[in-house]
Amino acid sequence: MTIESTNIEADRLTANWLAFGLCALSYLLGGTASTLMASFLPVVVPELLGTKAGTAELGDIGAYISAAFLYGWMTGGLVFGFVSDRIGRSRAVAFATALYGIAMLATTVVPNWPVLLLCRFLTGAGVGGVLLLTTVYISEIWPARNRAVVLGILAVMFPVGIVATGGLNVGQVTWRQAFGLGHVPVLVAFVMLFRLPESVSWQREQQGRHQLAHQAWTAGTQANLITGVLVFGAVLIGLWGTFSWIPTWVQTLLPPGQTGARERGLTMMLLGMGGIVGGMLSGLLINQFGSRRTLLMTFVGCAGGCGLLFLTNRQFSPLIYAETAFVALFFGISQGALSSIIPALFPVHIRATAAGISFNIGRFFTATAVFFVGTMVAGLGGFGNALLVFSMAFLIALLTVWVRYKPFDKQPIAKSTSVHS
């Protein structure tokens with residue numbers, strides 16, 4: 001290898017890591033932007049109403065605020081995917097990052113809660129765009145040999161950002177000061193505009209776009225789109241239908257009168273830690289076993305772990321901690337693995353659009369399905385049985401992968417993975 005080629009390779013590596021660093025920071029801050037309002041909600045609503053909010057009123061307005069963010073997330077994931085396939089990955093991810101940063105800054109001066117709804121919708125749209133586009137962008141610029149590992153690390157930045165939110169809430173800052181953190185993603189977006197090189201894969205597809213227009217949505221890509229929506233949608237239903245209710249289920253296993261604060265807190269910590277570790281392991285598993293076998297093993301672990309957790313425990317014991325950690329580990333693997341596997345289902349010229357649909361259509365059905373938890377608890381005789389029913393969604397994902405999963409042309413995501421080649 002000549003000195004010149006060595007220098008070129010070093011430049012490529014530096015550019016790749018700079019791109020990953022900027023995307024990871026935007027991804028992490030997206031996690032903070034997502035949960036910051038939930039941390040300050042009991043303070044925000046009374047201040048904007050100008051009166052002391054009762055429990056019912058706080059719950060109603062809080063639900064609207066949460067829904068605005070989630071619908072924004074879904075909309076951003078769909079719209080920015082379409083935009084990215086037309087204007088490029090680097091510019092689109094910079095715009096998405098700037099959007100949620102500006103929306104956070106606007107939150108610092110909202111005069112009432114209806115305006116807050118708009119700010120949360122726009123924040124969600126930006127975050128939804130970032131989570132999609134950073135994944136697609138890194139998948140196209142990163143060398144194939146360790147791409148899955150890097151994408152798994154990227155996926156855990158979101159829960160790290162959620163953890164960071166707790167530090168802001170503990171500190172002596174007001175909620176308006178906390179949302180001033182929006183300056184950081186705006187700055188990151190500015191740097192992205194000038195320092196993120198465009199995906200070479202996307203650039204090459206643009207050169208032949210007129211030749212690809214008639215074959216954008218072939219029978220194969222349409223079939224893969226259905227696969228992506230079914231798999232990711234089923235996983236979301238299984239994940240959020242169980243994950244968010246496990247602490248409540250733990251409380252029901254404790255003796256009457258016991259607060260359960262310690263048990264619920266430790267359970268949430270295990271869920272978060274398991275998700276982070278699982279996400280980091282996902283890439284290694286894909287490299288070792290391949291994407292299809294990794295997904296099959298993961299969904300068996302998710303469904304089996306939930307069955308073990310909800311069927312074998314009728315009162316609380318320390319064993320629940322170990323079983324929760326086991327389930328959380330597979331939850332994390334599923335999210336990390338799918339972040340690299342879903343984009344690989346589609347050709348470059350429609351990848352962001354198709355991945356955006358796969359990642360986000362399921363969110364609507366997830367939000368709808370989770371509304372039935374209360375009814376199912378009453379009808380099935382407890383949280384354990386209701387959550388077990390939701391966990392069966394992992395079996396749907398397992399069956400879908402077994403029957404339908406086939407990466408696009410069985411080829412790596414991009415033949416050229418350098419940001420400069």
# chains A, B, ... in the order shown; residues from 1 in each chain; ligands from 1

call {"tool": "residues_around", "arguments": {"residues": "range 311-313 of chain A", "least_positions_apart": "4", "cutoff": "8 Å", "atoms": "only C-alpha atoms", "output": "PyMOL selection string"}}
result
chain A and resi 307+320+384-385+388

call {"tool": "residues_around", "arguments": {"residues": "range 89-91 of chain A", "least_positions_apart": "5", "cutoff": "8 Å", "atoms": "only C-alpha atoms", "output": "PDB file with all heavy atoms, in the first residue's frame"}}
result
ATOM      1  N   SER A  84     -35.561  12.949   1.944  1.00  0.00           N
ATOM      2  CA  SER A  84     -34.174  12.501   1.871  1.00  0.00           C
ATOM      3  C   SER A  84     -33.862  11.802   0.555  1.00  0.00           C
ATOM      4  O   SER A  84     -32.757  11.942   0.014  1.00  0.00           O
ATOM      5  CB  SER A  84     -33.876  11.554   3.037  1.00  0.00           C
ATOM      6  OG  SER A  84     -32.616  10.958   2.911  1.00  0.00           O
ATOM      7  N   LEU A 133     -33.196   9.046   9.451  1.00  0.00           N
ATOM      8  CA  LEU A 133     -32.180   9.449   8.485  1.00  0.00           C
ATOM      9  C   LEU A 133     -30.759   9.148   8.941  1.00  0.00           C
ATOM     10  O   LEU A 133     -29.906   8.806   8.115  1.00  0.00           O
ATOM     11  CB  LEU A 133     -32.319  10.941   8.177  1.00  0.00           C
ATOM     12  CG  LEU A 133     -33.652  11.351   7.533  1.00  0.00           C
ATOM     13  CD1 LEU A 133     -33.681  12.847   7.282  1.00  0.00           C
ATOM     14  CD2 LEU A 133     -33.883  10.586   6.240  1.00  0.00           C
ATOM     15  N   VAL A 136     -30.253   5.479   8.102  1.00  0.00           N
ATOM     16  CA  VAL A 136     -30.072   5.249   6.665  1.00  0.00           C
ATOM     17  C   VAL A 136     -28.718   5.794   6.199  1.00  0.00           C
ATOM     18  O   VAL A 136     -27.984   5.132   5.451  1.00  0.00           O
ATOM     19  CB  VAL A 136     -31.222   5.899   5.874  1.00  0.00           C
ATOM     20  CG1 VAL A 136     -30.938   5.853   4.374  1.00  0.00           C
ATOM     21  CG2 VAL A 136     -32.537   5.188   6.174  1.00  0.00           C
ATOM     22  N   TYR A 137     -28.377   6.992   6.659  1.00  0.00           N
ATOM     23  CA  TYR A 137     -27.126   7.640   6.233  1.00  0.00           C
ATOM     24  C   TYR A 137     -25.900   6.830   6.657  1.00  0.00           C
ATOM     25  O   TYR A 137     -25.014   6.535   5.836  1.00  0.00           O
ATOM     26  CB  TYR A 137     -27.077   9.046   6.816  1.00  0.00           C
ATOM     27  CG  TYR A 137     -25.793   9.801   6.544  1.00  0.00           C
ATOM     28  CD1 TYR A 137     -25.447  10.183   5.249  1.00  0.00           C
ATOM     29  CD2 TYR A 137     -24.933  10.136   7.583  1.00  0.00           C
ATOM     30  CE1 TYR A 137     -24.277  10.880   4.996  1.00  0.00           C
ATOM     31  CE2 TYR A 137     -23.758  10.835   7.349  1.00  0.00           C
ATOM     32  CZ  TYR A 137     -23.428  11.203   6.049  1.00  0.00           C
ATOM     33  OH  TYR A 137     -22.267  11.883   5.807  1.00  0.00           O
ATOM     34  N   MET A 192     -23.465  20.077  10.551  1.00  0.00           N
ATOM     35  CA  MET A 192     -23.819  19.028   9.590  1.00  0.00           C
ATOM     36  C   MET A 192     -23.900  19.559   8.164  1.00  0.00           C
ATOM     37  O   MET A 192     -23.450  18.913   7.210  1.00  0.00           O
ATOM     38  CB  MET A 192     -25.170  18.403   9.964  1.00  0.00           C
ATOM     39  CG  MET A 192     -25.125  17.428  11.125  1.00  0.00           C
ATOM     40  SD  MET A 192     -26.793  16.828  11.505  1.00  0.00           S
ATOM     41  CE  MET A 192     -26.404  15.405  12.542  1.00  0.00           C
ATOM     42  N   LEU A 193     -24.490  20.740   8.019  1.00  0.00           N
ATOM     43  CA  LEU A 193     -24.665  21.305   6.679  1.00  0.00           C
ATOM     44  C   LEU A 193     -23.335  21.482   5.957  1.00  0.00           C
ATOM     45  O   LEU A 193     -23.263  21.375   4.729  1.00  0.00           O
ATOM     46  CB  LEU A 193     -25.388  22.648   6.763  1.00  0.00           C
ATOM     47  CG  LEU A 193     -26.914  22.602   6.894  1.00  0.00           C
ATOM     48  CD1 LEU A 193     -27.467  24.010   7.090  1.00  0.00           C
ATOM     49  CD2 LEU A 193     -27.540  21.951   5.661  1.00  0.00           C
ATOM     50  N   LEU A 196     -20.981  17.274   6.811  1.00  0.00           N
ATOM     51  CA  LEU A 196     -21.436  15.932   6.460  1.00  0.00           C
ATOM     52  C   LEU A 196     -21.344  15.728   4.955  1.00  0.00           C
ATOM     53  O   LEU A 196     -22.062  16.370   4.193  1.00  0.00           O
ATOM     54  CB  LEU A 196     -22.894  15.701   6.904  1.00  0.00           C
ATOM     55  CG  LEU A 196     -23.173  15.310   8.350  1.00  0.00           C
ATOM     56  CD1 LEU A 196     -24.632  14.928   8.516  1.00  0.00           C
ATOM     57  CD2 LEU A 196     -22.278  14.179   8.820  1.00  0.00           C
ATOM     58  N   PRO A 197     -20.477  14.852   4.486  1.00  0.00           N
ATOM     59  CA  PRO A 197     -20.427  14.564   3.048  1.00  0.00           C
ATOM     60  C   PRO A 197     -21.643  13.742   2.643  1.00  0.00           C
ATOM     61  O   PRO A 197     -22.181  12.977   3.440  1.00  0.00           O
ATOM     62  CB  PRO A 197     -19.133  13.754   2.904  1.00  0.00           C
ATOM     63  CG  PRO A 197     -18.941  13.123   4.244  1.00  0.00           C
ATOM     64  CD  PRO A 197     -19.481  14.086   5.254  1.00  0.00           C
ATOM     65  N   GLU A 198     -22.072  13.905   1.421  1.00  0.00           N
ATOM     66  CA  GLU A 198     -23.245  13.176   0.969  1.00  0.00           C
ATOM     67  C   GLU A 198     -22.917  11.699   0.755  1.00  0.00           C
ATOM     68  O   GLU A 198     -21.776  11.330   0.458  1.00  0.00           O
ATOM     69  CB  GLU A 198     -23.781  13.799  -0.336  1.00  0.00           C
ATOM     70  CG  GLU A 198     -25.108  13.233  -0.802  1.00  0.00           C
ATOM     71  CD  GLU A 198     -26.144  13.243   0.306  1.00  0.00           C
ATOM     72  OE1 GLU A 198     -26.698  14.314   0.606  1.00  0.00           O
ATOM     73  OE2 GLU A 198     -26.365  12.170   0.905  1.00  0.00           O
ATOM     74  N   SER A 199     -23.931  10.859   0.950  1.00  0.00           N
ATOM     75  CA  SER A 199     -23.794   9.425   0.706  1.00  0.00           C
ATOM     76  C   SER A 199     -23.471   9.184  -0.768  1.00  0.00           C
ATOM     77  O   SER A 199     -24.196   9.627  -1.658  1.00  0.00           O
ATOM     78  CB  SER A 199     -25.098   8.711   1.082  1.00  0.00           C
ATOM     79  OG  SER A 199     -25.185   7.458   0.453  1.00  0.00           O
ATOM     80  N   TRP A 202     -26.215   7.303  -2.582  1.00  0.00           N
ATOM     81  CA  TRP A 202     -27.342   8.143  -3.001  1.00  0.00           C
ATOM     82  C   TRP A 202     -26.965   8.956  -4.239  1.00  0.00           C
ATOM     83  O   TRP A 202     -27.758   9.090  -5.172  1.00  0.00           O
ATOM     84  CB  TRP A 202     -27.753   9.079  -1.872  1.00  0.00           C
ATOM     85  CG  TRP A 202     -28.896   9.977  -2.246  1.00  0.00           C
ATOM     86  CD1 TRP A 202     -30.227   9.684  -2.223  1.00  0.00           C
ATOM     87  CD2 TRP A 202     -28.791  11.321  -2.745  1.00  0.00           C
ATOM     88  NE1 TRP A 202     -30.963  10.760  -2.674  1.00  0.00           N
ATOM     89  CE2 TRP A 202     -30.110  11.772  -3.005  1.00  0.00           C
ATOM     90  CE3 TRP A 202     -27.730  12.179  -2.997  1.00  0.00           C
ATOM     91  CZ2 TRP A 202     -30.381  13.050  -3.491  1.00  0.00           C
ATOM     92  CZ3 TRP A 202     -27.993  13.447  -3.499  1.00  0.00           C
ATOM     93  CH2 TRP A 202     -29.309  13.873  -3.739  1.00  0.00           C
TER      94      TRP A 202
END

call {"tool": "select_by_dssp", "arguments": {"residues": "range 29-58 of chain A", "states": "alpha helix (DSSP H)", "output": "PyMOL selection string"}}
result
chain A and resi 29-49+55-58

call {"tool": "atom_distance", "arguments": {"atom1": "CA of Gly382 in chain A", "atom2": "CA of Ser334 in chain A"}}
result
26.8 Å

call {"tool": "closest_atom_pairs", "arguments": {"of": "range 161-280 of chain A", "to": "range 14-35 of chain A", "cutoff": "8 Å", "atoms": "only C-alpha atoms", "output": "tab-separated table"}}
result
residue	atom	partner	partner_atom	distance
A:Gly161	CA	A:Gly31	CA	4.4
A:Ile162	CA	A:Gly31	CA	5.0
A:Val163	CA	A:Thr32	CA	7.8
A:Ala164	CA	A:Thr32	CA	6.6
A:Thr165	CA	A:Thr32	CA	5.3
A:Pro185	CA	A:Ser26	CA	6.3
A:Val188	CA	A:Leu22	CA	6.8
A:Met192	CA	A:Leu22	CA	7.1
A:Arg195	CA	A:Ala19	CA	7.9
A:Leu196	CA	A:Ala19	CA	5.9
A:Pro197	CA	A:Ala19	CA	7.9

call {"tool": "residues_around", "arguments": {"residues": "Ala92 in chain A", "least_positions_apart": "4", "cutoff": "10 Å", "atoms": "only C-alpha atoms", "output": "ChimeraX atom specification"}}
result
/A:80-88,96-98,129-130,133-134,137,189,192-193

call {"tool": "atom_distance", "arguments": {"atom1": "CA of Ala234 in chain A", "atom2": "CA of Ile396 in chain A"}}
result
6.4 Å

call {"tool": "residues_around", "arguments": {"residues": "range 244-259 of chain A", "least_positions_apart": "6", "cutoff": "7 Å", "atoms": "only C-alpha atoms", "output": "ChimeraX atom specification"}}
result
/A:267-268,314-316,383-384

call {"tool": "closest_residue", "arguments": {"among": "A:Phe331, A:Trp73, A:Trp175, A:Phe365", "to": "Leu131 in chain A", "atoms": "only C-alpha atoms"}}
result
A:Trp73

call {"tool": "residues_around", "arguments": {"residues": "range 349-357 of chain A", "least_positions_apart": "2", "cutoff": "10 Å", "atoms": "only C-alpha atoms", "output": "ChimeraX atom specification"}}
result
/A:74-86,88-89,128-129,131-133,135-137,201-206,208-209,212-213,216-217,221-222,224-226,228-229,339,341-347,359-362,413

call {"tool": "residues_around", "arguments": {"residues": "Gly336 in chain A", "least_positions_apart": "3", "cutoff": "12 Å", "atoms": "only C-alpha atoms", "output": "PyMOL selection string"}}
result
chain A and resi 135+147-159+232+274-286+291+294-295+298+329-333+339-342

call {"tool": "residues_around", "arguments": {"residues": "Glu47 in chain A", "least_positions_apart": "6", "cutoff": "12 Å", "atoms": "only C-alpha atoms", "output": "PDB file with N, CA, C and O atoms, in the first residue's frame"}}
result
ATOM      1  N   PHE A  40     -41.085  17.374  33.173  1.00  0.00           N
ATOM      2  CA  PHE A  40     -41.532  18.642  33.742  1.00  0.00           C
ATOM      3  C   PHE A  40     -43.045  18.842  33.651  1.00  0.00           C
ATOM      4  O   PHE A  40     -43.544  19.899  34.050  1.00  0.00           O
ATOM      5  N   LEU A  41     -43.767  17.865  33.146  1.00  0.00           N
ATOM      6  CA  LEU A  41     -45.195  18.025  32.888  1.00  0.00           C
ATOM      7  C   LEU A  41     -45.998  18.511  34.104  1.00  0.00           C
ATOM      8  O   LEU A  41     -46.847  19.404  33.964  1.00  0.00           O
ATOM      9  N   ALA A  53     -53.661  22.618  38.571  1.00  0.00           N
ATOM     10  CA  ALA A  53     -54.318  21.593  37.759  1.00  0.00           C
ATOM     11  C   ALA A  53     -54.629  20.366  38.606  1.00  0.00           C
ATOM     12  O   ALA A  53     -53.767  19.869  39.334  1.00  0.00           O
ATOM     13  N   LEU A  58     -54.701  17.400  34.538  1.00  0.00           N
ATOM     14  CA  LEU A  58     -53.298  17.158  34.218  1.00  0.00           C
ATOM     15  C   LEU A  58     -53.175  15.951  33.298  1.00  0.00           C
ATOM     16  O   LEU A  58     -52.405  15.962  32.329  1.00  0.00           O
ATOM     17  N   VAL A 110     -43.480  29.578  24.950  1.00  0.00           N
ATOM     18  CA  VAL A 110     -44.895  29.328  24.655  1.00  0.00           C
ATOM     19  C   VAL A 110     -45.786  30.025  25.692  1.00  0.00           C
ATOM     20  O   VAL A 110     -45.506  29.970  26.895  1.00  0.00           O
ATOM     21  N   PRO A 111     -46.884  30.662  25.247  1.00  0.00           N
ATOM     22  CA  PRO A 111     -47.759  31.370  26.185  1.00  0.00           C
ATOM     23  C   PRO A 111     -48.886  30.519  26.734  1.00  0.00           C
ATOM     24  O   PRO A 111     -49.463  30.835  27.771  1.00  0.00           O
ATOM     25  N   ASN A 112     -49.232  29.406  26.036  1.00  0.00           N
ATOM     26  CA  ASN A 112     -50.345  28.565  26.485  1.00  0.00           C
ATOM     27  C   ASN A 112     -50.137  27.141  25.965  1.00  0.00           C
ATOM     28  O   ASN A 112     -49.268  26.891  25.111  1.00  0.00           O
ATOM     29  N   TRP A 113     -50.975  26.228  26.448  1.00  0.00           N
ATOM     30  CA  TRP A 113     -50.732  24.831  26.092  1.00  0.00           C
ATOM     31  C   TRP A 113     -51.120  24.473  24.651  1.00  0.00           C
ATOM     32  O   TRP A 113     -50.499  23.559  24.081  1.00  0.00           O
ATOM     33  N   THR A 174     -35.378  25.613  35.620  1.00  0.00           N
ATOM     34  CA  THR A 174     -36.800  25.639  35.319  1.00  0.00           C
ATOM     35  C   THR A 174     -37.040  24.911  34.001  1.00  0.00           C
ATOM     36  O   THR A 174     -36.096  24.650  33.239  1.00  0.00           O
ATOM     37  N   TRP A 175     -38.315  24.619  33.701  1.00  0.00           N
ATOM     38  CA  TRP A 175     -38.576  23.870  32.476  1.00  0.00           C
ATOM     39  C   TRP A 175     -38.254  24.704  31.237  1.00  0.00           C
ATOM     40  O   TRP A 175     -37.788  24.160  30.235  1.00  0.00           O
ATOM     41  N   ARG A 176     -38.465  26.009  31.311  1.00  0.00           N
ATOM     42  CA  ARG A 176     -38.133  26.841  30.150  1.00  0.00           C
ATOM     43  C   ARG A 176     -36.613  26.883  29.937  1.00  0.00           C
ATOM     44  O   ARG A 176     -36.138  26.892  28.795  1.00  0.00           O
TER      45      ARG A 176
END

call {"tool": "decode", "arguments": {"residues": "range 244-265 of chain A", "atoms": "N, CA, C and O atoms", "output": "PDB file, in the first residue's frame"}}
result
ATOM      1  N   SER A 244     -43.733  -0.668  28.837  1.00  0.00           N
ATOM      2  CA  SER A 244     -44.201   0.476  29.616  1.00  0.00           C
ATOM      3  C   SER A 244     -45.099   0.096  30.784  1.00  0.00           C
ATOM      4  O   SER A 244     -45.345   0.917  31.664  1.00  0.00           O
ATOM      5  N   TRP A 245     -45.571  -1.165  30.804  1.00  0.00           N
ATOM      6  CA  TRP A 245     -46.484  -1.586  31.864  1.00  0.00           C
ATOM      7  C   TRP A 245     -45.853  -2.548  32.868  1.00  0.00           C
ATOM      8  O   TRP A 245     -46.496  -2.927  33.851  1.00  0.00           O
ATOM      9  N   ILE A 246     -44.622  -2.981  32.625  1.00  0.00           N
ATOM     10  CA  ILE A 246     -43.984  -3.929  33.541  1.00  0.00           C
ATOM     11  C   ILE A 246     -43.865  -3.380  34.965  1.00  0.00           C
ATOM     12  O   ILE A 246     -44.146  -4.098  35.936  1.00  0.00           O
ATOM     13  N   PRO A 247     -43.459  -2.103  35.164  1.00  0.00           N
ATOM     14  CA  PRO A 247     -43.415  -1.589  36.548  1.00  0.00           C
ATOM     15  C   PRO A 247     -44.783  -1.632  37.231  1.00  0.00           C
ATOM     16  O   PRO A 247     -44.868  -1.933  38.434  1.00  0.00           O
ATOM     17  N   THR A 248     -45.855  -1.341  36.483  1.00  0.00           N
ATOM     18  CA  THR A 248     -47.194  -1.417  37.066  1.00  0.00           C
ATOM     19  C   THR A 248     -47.538  -2.854  37.431  1.00  0.00           C
ATOM     20  O   THR A 248     -48.132  -3.121  38.483  1.00  0.00           O
ATOM     21  N   TRP A 249     -47.161  -3.792  36.574  1.00  0.00           N
ATOM     22  CA  TRP A 249     -47.378  -5.213  36.853  1.00  0.00           C
ATOM     23  C   TRP A 249     -46.623  -5.634  38.117  1.00  0.00           C
ATOM     24  O   TRP A 249     -47.162  -6.373  38.956  1.00  0.00           O
ATOM     25  N   VAL A 250     -45.387  -5.159  38.255  1.00  0.00           N
ATOM     26  CA  VAL A 250     -44.599  -5.466  39.458  1.00  0.00           C
ATOM     27  C   VAL A 250     -45.324  -4.981  40.712  1.00  0.00           C
ATOM     28  O   VAL A 250     -45.373  -5.680  41.727  1.00  0.00           O
ATOM     29  N   GLN A 251     -45.911  -3.794  40.642  1.00  0.00           N
ATOM     30  CA  GLN A 251     -46.634  -3.248  41.790  1.00  0.00           C
ATOM     31  C   GLN A 251     -47.792  -4.165  42.212  1.00  0.00           C
ATOM     32  O   GLN A 251     -48.056  -4.339  43.399  1.00  0.00           O
ATOM     33  N   THR A 252     -48.469  -4.762  41.232  1.00  0.00           N
ATOM     34  CA  THR A 252     -49.608  -5.627  41.558  1.00  0.00           C
ATOM     35  C   THR A 252     -49.187  -6.922  42.231  1.00  0.00           C
ATOM     36  O   THR A 252     -50.026  -7.614  42.836  1.00  0.00           O
ATOM     37  N   LEU A 253     -47.916  -7.279  42.143  1.00  0.00           N
ATOM     38  CA  LEU A 253     -47.429  -8.511  42.772  1.00  0.00           C
ATOM     39  C   LEU A 253     -47.005  -8.310  44.222  1.00  0.00           C
ATOM     40  O   LEU A 253     -46.775  -9.285  44.940  1.00  0.00           O
ATOM     41  N   LEU A 254     -46.921  -7.057  44.653  1.00  0.00           N
ATOM     42  CA  LEU A 254     -46.463  -6.750  46.007  1.00  0.00           C
ATOM     43  C   LEU A 254     -47.624  -6.815  47.000  1.00  0.00           C
ATOM     44  O   LEU A 254     -48.792  -6.650  46.615  1.00  0.00           O
ATOM     45  N   PRO A 255     -47.319  -7.045  48.270  1.00  0.00           N
ATOM     46  CA  PRO A 255     -48.376  -7.067  49.295  1.00  0.00           C
ATOM     47  C   PRO A 255     -49.088  -5.721  49.381  1.00  0.00           C
ATOM     48  O   PRO A 255     -48.482  -4.675  49.119  1.00  0.00           O
ATOM     49  N   PRO A 256     -50.368  -5.697  49.726  1.00  0.00           N
ATOM     50  CA  PRO A 256     -51.109  -4.433  49.865  1.00  0.00           C
ATOM     51  C   PRO A 256     -50.435  -3.501  50.867  1.00  0.00           C
ATOM     52  O   PRO A 256     -49.940  -3.933  51.906  1.00  0.00           O
ATOM     53  N   GLY A 257     -50.384  -2.225  50.506  1.00  0.00           N
ATOM     54  CA  GLY A 257     -49.783  -1.234  51.394  1.00  0.00           C
ATOM     55  C   GLY A 257     -48.322  -0.976  51.135  1.00  0.00           C
ATOM     56  O   GLY A 257     -47.773   0.023  51.624  1.00  0.00           O
ATOM     57  N   GLN A 258     -47.656  -1.838  50.377  1.00  0.00           N
ATOM     58  CA  GLN A 258     -46.240  -1.635  50.067  1.00  0.00           C
ATOM     59  C   GLN A 258     -46.110  -0.685  48.881  1.00  0.00           C
ATOM     60  O   GLN A 258     -46.751  -0.881  47.841  1.00  0.00           O
ATOM     61  N   THR A 259     -45.300   0.354  49.039  1.00  0.00           N
ATOM     62  CA  THR A 259     -45.223   1.390  48.005  1.00  0.00           C
ATOM     63  C   THR A 259     -44.645   0.862  46.699  1.00  0.00           C
ATOM     64  O   THR A 259     -45.066   1.277  45.611  1.00  0.00           O
ATOM     65  N   GLY A 260     -43.662  -0.017  46.764  1.00  0.00           N
ATOM     66  CA  GLY A 260     -43.063  -0.588  45.566  1.00  0.00           C
ATOM     67  C   GLY A 260     -42.122   0.343  44.825  1.00  0.00           C
ATOM     68  O   GLY A 260     -41.710   0.040  43.702  1.00  0.00           O
ATOM     69  N   ALA A 261     -41.786   1.487  45.444  1.00  0.00           N
ATOM     70  CA  ALA A 261     -40.932   2.460  44.748  1.00  0.00           C
ATOM     71  C   ALA A 261     -39.582   1.844  44.379  1.00  0.00           C
ATOM     72  O   ALA A 261     -39.089   2.018  43.252  1.00  0.00           O
ATOM     73  N   ARG A 262     -38.998   1.111  45.313  1.00  0.00           N
ATOM     74  CA  ARG A 262     -37.682   0.510  45.060  1.00  0.00           C
ATOM     75  C   ARG A 262     -37.782  -0.558  43.972  1.00  0.00           C
ATOM     76  O   ARG A 262     -36.949  -0.593  43.051  1.00  0.00           O
ATOM     77  N   GLU A 263     -38.777  -1.414  44.062  1.00  0.00           N
ATOM     78  CA  GLU A 263     -38.935  -2.496  43.092  1.00  0.00           C
ATOM     79  C   GLU A 263     -39.205  -1.955  41.695  1.00  0.00           C
ATOM     80  O   GLU A 263     -38.619  -2.416  40.710  1.00  0.00           O
ATOM     81  N   ARG A 264     -40.081  -0.971  41.617  1.00  0.00           N
ATOM     82  CA  ARG A 264     -40.389  -0.389  40.305  1.00  0.00           C
ATOM     83  C   ARG A 264     -39.181   0.348  39.735  1.00  0.00           C
ATOM     84  O   ARG A 264     -38.910   0.286  38.535  1.00  0.00           O
ATOM     85  N   GLY A 265     -38.450   1.057  40.591  1.00  0.00           N
ATOM     86  CA  GLY A 265     -37.273   1.788  40.142  1.00  0.00           C
ATOM     87  C   GLY A 265     -36.190   0.863  39.612  1.00  0.00           C
ATOM     88  O   GLY A 265     -35.602   1.112  38.549  1.00  0.00           O
TER      89      GLY A 265
END
